[in-house]
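Shown next: query.tsv, containing TSV, C-alpha atoms.
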```
chain	number	residue	atom	x	y	z
V	144	MET	CA	5.78	20.67	-0.14
V	145	LYS	CA	6.98	17.95	2.20
V	146	ILE	CA	4.78	14.86	2.20
V	147	LEU	CA	3.15	14.12	5.54
V	148	LEU	CA	3.48	10.45	6.45
V	149	PRO	CA	2.43	8.48	9.55
V	150	LYS	CA	5.17	8.13	12.13
V	151	GLN	CA	4.26	4.58	13.15
V	152	HIS	CA	6.67	2.84	10.78
V	153	GLY	CA	5.81	-0.64	12.03
V	154	ALA	CA	2.24	-0.17	10.84
V	155	TRP	CA	3.31	-0.49	7.20
V	156	ALA	CA	3.79	-4.24	7.58
V	157	MET	CA	0.40	-4.48	9.29
V	158	LEU	CA	-1.13	-2.58	6.39
V	159	VAL	CA	0.45	-4.60	3.59
V	160	ILE	CA	0.93	-8.19	4.78
V	161	PRO	CA	-2.70	-9.16	5.55
V	162	PHE	CA	-3.74	-7.53	2.26
V	163	LEU	CA	-1.14	-9.47	0.27
V	164	LEU	CA	-2.11	-12.71	2.01
V	165	GLY	CA	-5.69	-12.02	0.95
V	166	ILE	CA	-4.54	-11.67	-2.67
V	167	PHE	CA	-2.25	-14.68	-2.90
V	168	LEU	CA	-4.27	-17.09	-0.76
V	169	GLY	CA	-7.38	-15.99	-2.61
V	170	SER	CA	-7.56	-15.03	-6.26
V	171	PRO	CA	-5.90	-11.92	-7.73
V	172	THR	CA	-8.32	-9.66	-9.55
V	173	TRP	CA	-8.38	-6.16	-11.06
V	174	LEU	CA	-10.50	-5.08	-8.09
V	175	HIS	CA	-7.45	-5.37	-5.85
V	176	ILE	CA	-5.94	-2.31	-7.55
V	177	PRO	CA	-8.58	0.28	-6.53
V	178	LEU	CA	-9.10	-1.57	-3.24
V	179	PHE	CA	-5.43	-1.27	-2.31
V	180	ILE	CA	-5.23	2.36	-3.44
V	181	GLY	CA	-8.23	3.15	-1.24
V	182	TRP	CA	-6.79	1.08	1.63
V	183	LEU	CA	-3.38	2.77	1.40
V	184	PHE	CA	-4.68	6.32	1.28
V	185	LEU	CA	-7.23	5.63	3.99
V	186	TYR	CA	-4.34	4.64	6.24
V	187	LEU	CA	-2.42	7.76	5.22
V	188	ALA	CA	-5.48	9.90	5.98
V	189	THR	CA	-5.94	8.53	9.49
V	190	TYR	CA	-2.71	10.09	10.75
V	191	PRO	CA	-3.51	13.75	9.96
V	192	LEU	CA	-7.14	13.15	10.93
V	193	LEU	CA	-6.11	11.96	14.39
V	194	MET	CA	-3.81	14.97	14.65
V	195	VAL	CA	-6.79	17.23	13.90
V	196	ILE	CA	-8.70	15.50	16.70
V	197	LYS	CA	-5.76	16.18	19.01
V	198	ASN	CA	-5.80	19.86	17.96
V	199	LYS	CA	-2.24	19.72	16.65
V	200	ASN	CA	-1.47	22.16	13.84
V	201	ARG	CA	-5.04	21.91	12.57
V	202	GLU	CA	-4.55	23.84	9.31
V	203	LEU	CA	-1.73	21.58	8.12
V	204	HIS	CA	-3.42	18.36	9.15
V	205	VAL	CA	-6.85	19.27	7.78
V	206	LYS	CA	-5.18	19.97	4.43
V	207	TRP	CA	-3.45	16.57	4.36
V	208	THR	CA	-6.57	14.76	5.52
V	209	VAL	CA	-8.44	16.17	2.52
V	210	ILE	CA	-5.54	15.42	0.14
V	211	TYR	CA	-5.47	11.78	1.20
V	212	LEU	CA	-9.24	11.31	1.31
V	213	VAL	CA	-9.74	12.34	-2.34
V	214	PRO	CA	-8.16	9.14	-3.79
V	215	VAL	CA	-9.89	7.15	-1.03
V	216	VAL	CA	-13.30	8.30	-2.22
V	217	PHE	CA	-12.61	7.71	-5.92
V	218	SER	CA	-11.05	4.28	-5.37
V	219	LEU	CA	-13.58	2.94	-2.92
V	220	VAL	CA	-16.51	4.19	-5.00
V	221	ILE	CA	-15.22	1.91	-7.77
V	222	VAL	CA	-14.98	-0.97	-5.29
V	223	VAL	CA	-18.46	-0.45	-3.85
V	224	ILE	CA	-20.05	-0.07	-7.30
V	225	SER	CA	-18.44	-3.39	-8.20
V	226	ASN	CA	-19.75	-5.06	-5.04
V	227	VAL	CA	-21.88	-3.20	-2.52
V	228	HIS	CA	-21.03	-5.75	0.18
V	229	PHE	CA	-17.67	-4.04	0.71
V	230	ILE	CA	-19.58	-1.47	2.74
V	231	PHE	CA	-19.85	-4.09	5.49
V	232	PHE	CA	-16.07	-4.26	5.85
V	233	GLY	CA	-16.05	-0.52	6.51
V	234	LEU	CA	-18.81	-0.89	9.08
V	235	ILE	CA	-16.88	-3.67	10.83
V	236	MET	CA	-13.75	-1.51	10.99
V	237	LEU	CA	-15.58	1.56	12.28
V	238	PRO	CA	-15.75	0.57	15.99
V	239	PHE	CA	-12.00	-0.05	16.05
V	240	PHE	CA	-11.31	3.32	14.45
V	241	LEU	CA	-13.53	4.93	17.07
V	242	VAL	CA	-11.30	3.35	19.71
V	243	ASN	CA	-8.30	4.99	18.02
V	244	ILE	CA	-10.12	8.34	18.07
V	245	TYR	CA	-10.88	7.91	21.77
V	246	TYR	CA	-7.24	7.31	22.67
V	247	ALA	CA	-6.07	10.11	20.37
V	248	LYS	CA	-8.30	12.57	22.23
V	249	ARG	CA	-6.85	11.29	25.50
V	250	LYS	CA	-3.33	11.61	24.02
V	251	ASN	CA	-2.67	7.99	24.96
V	252	GLU	CA	-2.07	6.33	21.58
V	253	ARG	CA	0.45	3.92	23.11
V	254	ALA	CA	-2.25	2.13	25.12
V	255	LEU	CA	-2.40	-1.60	24.42
V	256	ILE	CA	-6.12	-1.53	23.60
V	257	ASN	CA	-5.44	1.17	21.03
V	258	ASP	CA	-2.70	-0.95	19.46
V	259	PHE	CA	-4.90	-4.04	19.41
V	260	SER	CA	-7.75	-2.11	17.79
V	261	ALA	CA	-5.46	-0.92	15.01
V	262	ILE	CA	-4.13	-4.45	14.48
V	263	ILE	CA	-7.64	-5.87	14.18
V	264	ALA	CA	-8.58	-3.16	11.68
V	265	PHE	CA	-5.50	-3.93	9.58
V	266	SER	CA	-6.33	-7.64	9.66
V	267	ILE	CA	-9.87	-6.91	8.49
V	268	GLY	CA	-8.17	-5.41	5.45
V	269	GLY	CA	-6.91	-8.94	4.76
V	270	LEU	CA	-10.48	-10.21	4.87
V	271	ALA	CA	-11.57	-7.56	2.37
V	272	SER	CA	-8.64	-8.40	0.09
V	273	TYR	CA	-9.50	-12.10	0.14
V	274	TYR	CA	-13.18	-11.39	-0.45
V	275	ALA	CA	-12.33	-9.22	-3.47
V	276	GLY	CA	-10.95	-12.25	-5.30
V	277	VAL	CA	-13.02	-15.13	-3.95
V	278	GLY	CA	-16.34	-13.51	-3.09
V	279	VAL	CA	-16.82	-15.39	0.19
V	280	ILE	CA	-15.45	-15.36	3.73
V	281	ASP	CA	-14.39	-18.94	4.33
V	282	GLN	CA	-11.94	-20.76	6.59
V	283	ILE	CA	-8.89	-19.45	4.74
V	284	ALA	CA	-10.12	-15.86	5.07
V	285	LEU	CA	-10.64	-16.33	8.80
V	286	MET	CA	-7.16	-17.83	9.10
V	287	ILE	CA	-5.65	-14.79	7.37
V	288	PHE	CA	-7.42	-12.55	9.87
V	289	THR	CA	-6.58	-14.66	12.93
V	290	LEU	CA	-2.96	-15.44	12.09
V	291	SER	CA	-2.21	-11.84	11.17
V	292	SER	CA	-3.82	-10.50	14.34
V	293	LEU	CA	-1.95	-12.97	16.55
V	294	PHE	CA	1.37	-12.27	14.86
V	295	PHE	CA	1.18	-8.48	15.10
V	296	ILE	CA	-0.07	-8.55	18.69
V	297	GLY	CA	3.11	-10.46	19.50
V	298	SER	CA	5.11	-7.85	17.62
V	299	THR	CA	3.48	-5.14	19.73
V	300	PHE	CA	4.47	-6.88	22.96
V	301	PHE	CA	8.05	-7.30	21.73
V	302	VAL	CA	8.48	-3.68	20.66
V	303	LYS	CA	7.13	-2.44	23.98
V	304	THR	CA	9.63	-4.59	25.89
V	305	MET	CA	12.44	-3.12	23.78
V	306	ILE	CA	11.46	0.55	24.02
V	307	ARG	CA	8.81	2.00	26.33
V	308	GLU	CA	8.51	-0.95	28.72
V	309	LYS	CA	12.07	-2.26	28.59
V	310	LYS	CA	12.42	-1.95	32.37
V	311	ASN	CA	9.02	-3.47	33.08
V	312	VAL	CA	9.57	-7.11	34.10
V	313	THR	CA	5.84	-7.82	33.89
V	314	TYR	CA	5.84	-6.94	30.19
V	315	LYS	CA	8.81	-9.23	29.66
V	316	TRP	CA	6.92	-12.23	31.03
V	317	ILE	CA	3.77	-11.29	29.14
V	318	SER	CA	5.76	-11.10	25.92
V	319	TRP	CA	7.64	-14.35	26.49
V	320	GLY	CA	4.53	-16.17	27.65
V	321	TYR	CA	2.47	-14.92	24.72
V	322	HIS	CA	5.02	-15.98	22.11
V	323	ALA	CA	5.65	-19.38	23.70
V	324	GLY	CA	1.93	-19.99	24.21
V	325	LEU	CA	1.19	-19.11	20.60
V	326	VAL	CA	3.74	-21.64	19.32
V	327	MET	CA	2.32	-24.36	21.57
V	328	LEU	CA	-1.25	-23.46	20.58
V	329	LEU	CA	-0.50	-23.90	16.88
V	330	ILE	CA	0.92	-27.36	17.58
V	331	VAL	CA	-2.02	-28.38	19.76
V	332	VAL	CA	-4.68	-27.26	17.24
V	333	GLY	CA	-2.95	-29.15	14.42
V	334	TYR	CA	-0.91	-26.53	12.54
V	335	PRO	CA	2.69	-27.46	13.46
V	336	LEU	CA	4.15	-26.19	10.17
V	337	LEU	CA	2.80	-22.70	10.84
V	338	VAL	CA	5.13	-22.60	13.85
V	339	ILE	CA	7.83	-21.69	11.32
V	340	GLY	CA	6.16	-18.30	10.96
V	341	TYR	CA	6.08	-17.66	14.70
V	342	LEU	CA	9.19	-19.36	16.11
V	343	PRO	CA	11.52	-16.52	15.06
V	344	SER	CA	9.26	-14.17	17.05
V	345	LEU	CA	9.69	-16.29	20.16
V	346	ILE	CA	13.47	-16.49	19.70
V	347	ARG	CA	13.93	-12.75	19.17
V	348	ALA	CA	11.58	-11.91	22.08
V	349	ILE	CA	13.79	-13.88	24.47
V	350	TYR	CA	17.26	-13.39	22.95
V	351	LEU	CA	17.01	-9.66	22.28
V	352	TYR	CA	15.35	-8.71	25.55
V	353	GLY	CA	17.52	-6.31	27.51
V	354	LYS	CA	19.79	-5.52	24.58
V	355	ASN	CA	20.26	-1.88	23.67
V	356	LEU	CA	19.06	-1.67	20.06
V	357	SER	CA	18.15	1.49	18.19
V	358	ILE	CA	14.57	1.99	17.04
V	359	MET	CA	15.77	1.64	13.45
V	360	LYS	CA	17.39	-1.73	14.13
V	361	ILE	CA	14.27	-2.96	15.90
V	362	GLY	CA	12.21	-1.83	12.92
V	363	ILE	CA	14.46	-3.63	10.43
V	364	LEU	CA	14.29	-6.82	12.49
V	365	GLU	CA	10.51	-6.60	12.58
V	366	ILE	CA	10.36	-6.19	8.81
V	367	ILE	CA	12.49	-9.32	8.35
V	368	ASN	CA	10.38	-11.18	10.89
V	369	SER	CA	7.18	-10.09	9.14
V	370	VAL	CA	8.50	-11.38	5.80
V	371	ILE	CA	9.19	-14.77	7.40
V	372	PHE	CA	5.65	-14.84	8.79
V	373	PHE	CA	4.24	-13.85	5.40
V	374	LEU	CA	6.11	-16.58	3.52
V	375	ALA	CA	5.32	-19.29	6.08
V	376	THR	CA	1.62	-18.39	6.04
V	377	LEU	CA	1.59	-18.29	2.24
V	378	ILE	CA	3.18	-21.74	2.02
V	379	PHE	CA	1.40	-23.62	4.78
V	380	VAL	CA	-2.14	-22.19	4.75
V	381	SER	CA	-4.40	-23.89	2.24
```
Output the file's structure in the form of structure tokens.
Amino acid sequence: MKILLPKQHGAWAMLVIPFLLGIFLGSPTWLHIPLFIGWLFLYLATYPLLMVIKNKNRELHVKWTVIYLVPVVFSLVIVVISNVHFIFFGLIMLPFFLVNIYYAKRKNERALINDFSAIIAFSIGGLASYYAGVGVIDQIALMIFTLSSLFFIGSTFFVKTMIREKKNVTYKWISWGYHAGLVMLLIVVGYPLLVIGYLPSLIRAIYLYGKNLSIMKIGILEIINSVIFFLATLIFVS
């Protein structure tokens, strides 16, 4: 039986990086194991679930939704028994998932608001990961959430200018302006060293614009760029 996996390959970095930042900028604990298992399979379950909502091959997608939700339930029950406050992270994510459901029903998953909602939900996963080790939501936790959200929003703009909106000049200027503005903002608010994590994004947004790159090459570049962001954040956030 062929495993059914989400087709949004760029989402894997969004899934993993905020979570890992929460671990390493917080305090690693055994609770991260069931939390990540639940987090991973919850992400895997969302793809077939959204396909069910879109009425696409319902029998296949219902089956895979159930398959993925079983480890979600077992893992997150362990997490909630350990600390009932984790329920609040689920409640916070719920509105953003409802946005994804709305756009799935409209068959418009590429809408910017839909992308932003998914990014925010992934970044909340970083908050939960940090809370699992530290037990509080403090300034570092909020920085994990904010920096991750800002980074992946920029990634979304870049990918759109390279694929679906590559002939849209307005998107080009939005992308360039966003990346440049983000670098300047970090300097103004007193985090110049964090620019190291975002400057490659600005360079690639400008230099690669208009170049004919395959989706695979764009994906590989985004993985490398995400690793740079991860390392810079890990080193300079304290």
task: Fewer than 4 positions away in the same chain doesn't count, so skip those; otherwise give me all residues within 9 Å of V:Met236, counting only C-alpha atoms, as number ranges by chain.
output: V: 231-232, 240-241, 263-265, 267-268
With C-alpha atoms retained, export the selected residues as a CSV table (one decimal), in the frame of the given file.
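Generated output (selection37.csv):
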```
chain,number,residue,atom,x,y,z
V,231,PHE,CA,-19.8,-4.1,5.5
V,232,PHE,CA,-16.1,-4.3,5.8
V,240,PHE,CA,-11.3,3.3,14.4
V,241,LEU,CA,-13.5,4.9,17.1
V,263,ILE,CA,-7.6,-5.9,14.2
V,264,ALA,CA,-8.6,-3.2,11.7
V,265,PHE,CA,-5.5,-3.9,9.6
V,267,ILE,CA,-9.9,-6.9,8.5
V,268,GLY,CA,-8.2,-5.4,5.4
```
message: Excluding stretch 187-190 of chain V and its own-chain neighbours fewer than 5 positions away, which residues fall within 9 Å of it when counting only C-alpha atoms? Please give them as a ChimeraX atom specification.
response: /V:147-150,182,195,204,207-212,215,240
Export of the given selection (C-alpha atoms) as a PDB file, keeping the file's coordinate frame:
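out-v5.pdb was written with the following content:
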```
ATOM      1  CA  LEU V 147       3.150  14.120   5.540  1.00  0.00           C
ATOM      2  CA  LEU V 148       3.480  10.450   6.450  1.00  0.00           C
ATOM      3  CA  PRO V 149       2.430   8.480   9.550  1.00  0.00           C
ATOM      4  CA  LYS V 150       5.170   8.130  12.130  1.00  0.00           C
ATOM      5  CA  TRP V 182      -6.790   1.080   1.630  1.00  0.00           C
ATOM      6  CA  VAL V 195      -6.790  17.230  13.900  1.00  0.00           C
ATOM      7  CA  HIS V 204      -3.420  18.360   9.150  1.00  0.00           C
ATOM      8  CA  TRP V 207      -3.450  16.570   4.360  1.00  0.00           C
ATOM      9  CA  THR V 208      -6.570  14.760   5.520  1.00  0.00           C
ATOM     10  CA  VAL V 209      -8.440  16.170   2.520  1.00  0.00           C
ATOM     11  CA  ILE V 210      -5.540  15.420   0.140  1.00  0.00           C
ATOM     12  CA  TYR V 211      -5.470  11.780   1.200  1.00  0.00           C
ATOM     13  CA  LEU V 212      -9.240  11.310   1.310  1.00  0.00           C
ATOM     14  CA  VAL V 215      -9.890   7.150  -1.030  1.00  0.00           C
ATOM     15  CA  PHE V 240     -11.310   3.320  14.450  1.00  0.00           C
TER      16      PHE V 240
END
```
message: Using all atoms listed in the file for the distances, tell me which of V:Tyr352, V:Tyr246, V:Trp155, V:Phe167 is nearest to V:Lys309.
response: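 Closest residue, counting all atoms listed in the file: V:Tyr352.
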message: Could you tell me how far atom CA of V:Phe259 sits from atom CA of V:Leu337, in Å to one decimal place?
response: 21.9 Å
message: One decimal, in Å: what's the spacing between atom CA of V:Ser291 and atom CA of V:Ile176?
response: 21.3 Å
How big is the axis-aligned box around the listed atoms of stretch 239-248 of chain V once 8 Å is added on each side, and where is its centre? Give both in Å to one decimal, as JSON.
```
{"center_x": -9.8, "center_y": 6.3, "center_z": 18.6, "size_x": 23.5, "size_y": 28.6, "size_z": 24.2}
```
field: Nearby residues (all atoms listed in the file) at most 9 Å from V:His175, same-chain spacing under 5 positions excluded, as a list of chain:residue names
entry: V:Ile166, V:Ile180, V:Val222, V:Ser272, V:Ala275, V:Gly276
Just add N, CA, C and O atoms to stretch 243-267 of chain V and send it as a compact mmCIF listing (two decimals), in the coordinates of the input.
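And here is the file that came out, part.txt:
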```
# COMPACT_ATOMS: atom_id res chain seq x y z
N ASN V 243 -9.49 4.18 18.31
CA ASN V 243 -8.30 4.99 18.02
C ASN V 243 -8.56 6.47 18.24
O ASN V 243 -7.71 7.20 18.77
N ILE V 244 -9.75 6.93 17.86
CA ILE V 244 -10.12 8.34 18.07
C ILE V 244 -10.18 8.64 19.57
O ILE V 244 -9.69 9.68 20.03
N TYR V 245 -10.76 7.72 20.32
CA TYR V 245 -10.88 7.91 21.77
C TYR V 245 -9.51 8.09 22.42
O TYR V 245 -9.29 9.01 23.22
N TYR V 246 -8.56 7.22 22.07
CA TYR V 246 -7.24 7.31 22.67
C TYR V 246 -6.44 8.49 22.13
O TYR V 246 -5.57 9.03 22.84
N ALA V 247 -6.72 8.91 20.90
CA ALA V 247 -6.07 10.11 20.37
C ALA V 247 -6.50 11.34 21.16
O ALA V 247 -5.69 12.21 21.48
N LYS V 248 -7.80 11.43 21.46
CA LYS V 248 -8.30 12.57 22.23
C LYS V 248 -7.72 12.59 23.63
O LYS V 248 -7.50 13.65 24.21
N ARG V 249 -7.44 11.39 24.17
CA ARG V 249 -6.85 11.29 25.50
C ARG V 249 -5.32 11.40 25.46
O ARG V 249 -4.67 11.33 26.49
N LYS V 250 -4.79 11.53 24.22
CA LYS V 250 -3.33 11.61 24.02
C LYS V 250 -2.62 10.41 24.65
O LYS V 250 -1.58 10.53 25.30
N ASN V 251 -3.22 9.24 24.40
CA ASN V 251 -2.67 7.99 24.96
C ASN V 251 -2.66 6.92 23.87
O ASN V 251 -3.15 5.81 24.06
N GLU V 252 -2.06 7.26 22.72
CA GLU V 252 -2.07 6.33 21.58
C GLU V 252 -1.26 5.07 21.83
O GLU V 252 -1.40 4.09 21.10
N ARG V 253 -0.39 5.08 22.83
CA ARG V 253 0.45 3.92 23.11
C ARG V 253 -0.25 2.86 23.96
O ARG V 253 0.34 1.83 24.28
N ALA V 254 -1.50 3.10 24.31
CA ALA V 254 -2.25 2.13 25.12
C ALA V 254 -2.40 0.82 24.34
O ALA V 254 -2.60 0.82 23.13
N LEU V 255 -2.32 -0.29 25.06
CA LEU V 255 -2.40 -1.60 24.42
C LEU V 255 -3.72 -1.79 23.66
O LEU V 255 -3.73 -2.33 22.54
N ILE V 256 -4.82 -1.36 24.26
CA ILE V 256 -6.12 -1.53 23.60
C ILE V 256 -6.14 -0.77 22.29
O ILE V 256 -6.69 -1.24 21.28
N ASN V 257 -5.53 0.39 22.27
CA ASN V 257 -5.44 1.17 21.03
C ASN V 257 -4.64 0.43 19.97
O ASN V 257 -5.03 0.37 18.80
N ASP V 258 -3.52 -0.16 20.38
CA ASP V 258 -2.70 -0.95 19.46
C ASP V 258 -3.48 -2.15 18.93
O ASP V 258 -3.46 -2.44 17.73
N PHE V 259 -4.15 -2.86 19.83
CA PHE V 259 -4.90 -4.04 19.41
C PHE V 259 -6.02 -3.67 18.45
O PHE V 259 -6.30 -4.41 17.48
N SER V 260 -6.67 -2.55 18.68
CA SER V 260 -7.75 -2.11 17.79
C SER V 260 -7.22 -1.85 16.39
O SER V 260 -7.85 -2.22 15.39
N ALA V 261 -6.06 -1.19 16.32
CA ALA V 261 -5.46 -0.92 15.01
C ALA V 261 -5.08 -2.22 14.31
O ALA V 261 -5.29 -2.37 13.10
N ILE V 262 -4.53 -3.17 15.05
CA ILE V 262 -4.13 -4.45 14.48
C ILE V 262 -5.34 -5.18 13.92
O ILE V 262 -5.30 -5.75 12.81
N ILE V 263 -6.43 -5.20 14.65
CA ILE V 263 -7.64 -5.87 14.18
C ILE V 263 -8.16 -5.21 12.91
O ILE V 263 -8.57 -5.88 11.95
N ALA V 264 -8.14 -3.87 12.87
CA ALA V 264 -8.58 -3.16 11.68
C ALA V 264 -7.71 -3.51 10.47
O ALA V 264 -8.23 -3.75 9.36
N PHE V 265 -6.40 -3.55 10.67
CA PHE V 265 -5.50 -3.93 9.58
C PHE V 265 -5.79 -5.35 9.10
O PHE V 265 -5.76 -5.64 7.90
N SER V 266 -6.07 -6.24 10.02
CA SER V 266 -6.33 -7.64 9.66
C SER V 266 -7.66 -7.79 8.93
O SER V 266 -7.82 -8.66 8.09
N ILE V 267 -8.62 -6.93 9.24
CA ILE V 267 -9.87 -6.91 8.49
C ILE V 267 -9.61 -6.54 7.04
O ILE V 267 -10.29 -7.00 6.12
```
